[in-house]
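A.B. asks: Structure incoming, see below.
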Amino acid sequence: MNLRVEAAIADEFRAWLEAHVMQMLALPGFVSAERFRVESGADEPIEFCVQYRLHDALALDAYLSEHAPYMRAEGLSRFGSRFTAARRVMRPFASA
């Protein structure tokens, strides 16, 4: 998950994000999460990245259909348009 946050709310957002990640890890199929602050050199917006690992594709499908709308709505209700989020799904592939 790539997140762009207004600098004025970055500390509050980061605190909320920590709790949000813990909620995500409590969901079925979520194995781990790594959190990063993106080093962009710019003062604004502040960028964070969270990489979640899930047990398998079925866990991702279940999350997207059962939990994603609620989890997204929580951040939007608290921070509105003061941040953006973009999801990328990456799957490992076998080496040749």
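Identifiers in this document derive from the order of the structure tokens: chains are assigned A, B, ..., residues are numbered from 1 separately in each chain, and ligands are numbered from 1 in order of occurrence.
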If you run DSSP on this backbone, which residues of chain A come out as alpha helix (DSSP H), and could you give them as a ChimeraX atom specification?

C.D. replies: /A:10-25,57-62,68-79

A.B. asks: What's around His67 (chain A) at 12 Å? Count only C-alpha atoms, leave out sequence neighbours fewer than 2 positions away in its own chain, and write the answer as a list of chain:residue names.

C.D. replies: A:Gln23, A:Met24, A:Ala26, A:Leu27, A:Pro28, A:Gly29, A:Phe30, A:Ala59, A:Leu60, A:Asp61, A:Ala62, A:Tyr63, A:Leu64, A:Ser65, A:Pro69, A:Tyr70, A:Met71, A:Arg72, A:Ala73, A:Glu74

A.B. asks: Include N, CA and C atoms and write out the residues we just selected as an mmCIF file, in the first residue's frame.

C.D. replies:
data_model
loop_
_atom_site.group_PDB
_atom_site.id
_atom_site.type_symbol
_atom_site.label_atom_id
_atom_site.label_comp_id
_atom_site.auth_asym_id
_atom_site.auth_seq_id
_atom_site.Cartn_x
_atom_site.Cartn_y
_atom_site.Cartn_z
ATOM 1 N N GLN A 23 -4.725 -4.015 13.092
ATOM 2 C CA GLN A 23 -6.045 -4.537 12.739
ATOM 3 C C GLN A 23 -5.948 -5.439 11.510
ATOM 4 N N MET A 24 -5.179 -5.026 10.539
ATOM 5 C CA MET A 24 -5.005 -5.827 9.328
ATOM 6 C C MET A 24 -4.372 -7.175 9.668
ATOM 7 N N ALA A 26 -4.621 -8.836 12.261
ATOM 8 C CA ALA A 26 -5.566 -9.694 12.983
ATOM 9 C C ALA A 26 -6.551 -10.390 12.040
ATOM 10 N N LEU A 27 -6.601 -9.970 10.795
ATOM 11 C CA LEU A 27 -7.519 -10.568 9.826
ATOM 12 C C LEU A 27 -6.991 -11.926 9.371
ATOM 13 N N PRO A 28 -7.894 -12.841 9.018
ATOM 14 C CA PRO A 28 -7.460 -14.163 8.556
ATOM 15 C C PRO A 28 -6.581 -14.059 7.310
ATOM 16 N N GLY A 29 -5.499 -14.807 7.323
ATOM 17 C CA GLY A 29 -4.629 -14.876 6.164
ATOM 18 C C GLY A 29 -3.484 -13.888 6.132
ATOM 19 N N PHE A 30 -3.522 -12.843 6.977
ATOM 20 C CA PHE A 30 -2.424 -11.880 7.011
ATOM 21 C C PHE A 30 -1.304 -12.438 7.875
ATOM 22 N N ALA A 59 -6.591 -15.777 0.616
ATOM 23 C CA ALA A 59 -6.663 -14.814 1.716
ATOM 24 C C ALA A 59 -6.830 -13.399 1.169
ATOM 25 N N LEU A 60 -6.132 -13.083 0.081
ATOM 26 C CA LEU A 60 -6.284 -11.766 -0.537
ATOM 27 C C LEU A 60 -7.701 -11.588 -1.071
ATOM 28 N N ASP A 61 -8.215 -12.588 -1.763
ATOM 29 C CA ASP A 61 -9.578 -12.504 -2.290
ATOM 30 C C ASP A 61 -10.593 -12.301 -1.170
ATOM 31 N N ALA A 62 -10.420 -13.017 -0.072
ATOM 32 C CA ALA A 62 -11.336 -12.881 1.066
ATOM 33 C C ALA A 62 -11.242 -11.474 1.658
ATOM 34 N N TYR A 63 -10.031 -10.962 1.797
ATOM 35 C CA TYR A 63 -9.870 -9.601 2.309
ATOM 36 C C TYR A 63 -10.576 -8.597 1.405
ATOM 37 N N LEU A 64 -10.324 -8.690 0.112
ATOM 38 C CA LEU A 64 -10.893 -7.719 -0.826
ATOM 39 C C LEU A 64 -12.418 -7.750 -0.822
ATOM 40 N N SER A 65 -13.001 -8.905 -0.684
ATOM 41 C CA SER A 65 -14.460 -8.984 -0.733
ATOM 42 C C SER A 65 -15.130 -8.745 0.615
ATOM 43 N N PRO A 69 -13.609 -2.854 2.052
ATOM 44 C CA PRO A 69 -14.453 -1.651 2.094
ATOM 45 C C PRO A 69 -14.493 -0.993 3.485
ATOM 46 N N TYR A 70 -14.615 -1.795 4.521
ATOM 47 C CA TYR A 70 -14.642 -1.247 5.885
ATOM 48 C C TYR A 70 -13.297 -0.627 6.264
ATOM 49 N N MET A 71 -12.209 -1.321 5.940
ATOM 50 C CA MET A 71 -10.888 -0.826 6.324
ATOM 51 C C MET A 71 -10.569 0.483 5.590
ATOM 52 N N ARG A 72 -10.965 0.600 4.332
ATOM 53 C CA ARG A 72 -10.763 1.850 3.588
ATOM 54 C C ARG A 72 -11.601 2.979 4.181
ATOM 55 N N ALA A 73 -12.852 2.673 4.489
ATOM 56 C CA ALA A 73 -13.778 3.686 4.993
ATOM 57 C C ALA A 73 -13.286 4.294 6.298
ATOM 58 N N GLU A 74 -12.623 3.503 7.113
ATOM 59 C CA GLU A 74 -12.120 3.999 8.392
ATOM 60 C C GLU A 74 -11.129 5.151 8.200
#

A.B. asks: Ranking A:Val38, A:Leu3, A:Val50, A:Ala57 by minimum distance to Met22 (chain A) and counting only C-alpha atoms, which one comes first?

C.D. replies: A:Val50

A.B. asks: Counting only C-alpha atoms, figure out which residue out of A:Ser81, A:Arg14, A:Arg88, A:Ala94 gets nearest to Ile46 (chain A).

C.D. replies: A:Arg14

A.B. asks: Just to confirm, what's the straight-line distance from CA of Phe83 (chain A) to CA of Tyr52 (chain A) in Å (one decimal)?

C.D. replies: 19.4 Å

A.B. asks: Go through A:Ala42, A:Leu17, A:Val31, A:Ala68 one by one, measure the shortest atom-to-atom distance of each to Asp56 (chain A) using only C-alpha atoms, and give the residue with the smallest value.

C.D. replies: A:Val31

A.B. asks: What's around Glu34 (chain A) at 9 Å? Count only C-alpha atoms, leave out sequence neighbours fewer than 2 positions away in its own chain, and write the answer as a list in words.

C.D. replies: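 Neighbouring residues, sequence-local ones excluded: Ser32, Phe36, Cys49, Val50, Gln51, Tyr52 and Arg53 of chain A.
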
A.B. asks: Tell me, which residues of region 2-96 of chain A carry DSSP strand (DSSP E), written as a PyMOL selection string?

C.D. replies: chain A and resi 2-5+30-37+46-54+83-86

A.B. asks: Compare A:Arg35, A:Glu44, A:Ala85, A:Ala96 by their minimum atom-to-atom distance to Ala7 (chain A), counting only C-alpha atoms, and give me the closest one.

C.D. replies: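 Closest to Ala7 (chain A) of all the choices is A:Glu44.
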
A.B. asks: Would you mind reading off the distance between CA of Val89 (chain A) and CA of Pro45 (chain A), one decimal, in Å?

C.D. replies: 23.1 Å

A.B. asks: For Ser40 (chain A), which of A:His55, A:Arg87, A:Arg82, A:Arg4 is the closest residue, counting only C-alpha atoms?

C.D. replies: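 Result for the nearest residue to Ser40 (chain A): A:Arg4.
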
A.B. asks: How far is it from CA of Thr84 (chain A) to CA of Ala15 (chain A), in Å with one decimal?

C.D. replies: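 Atom-to-atom, CA of Thr84 (chain A) to CA of Ala15 (chain A), that is 16.4 Å.
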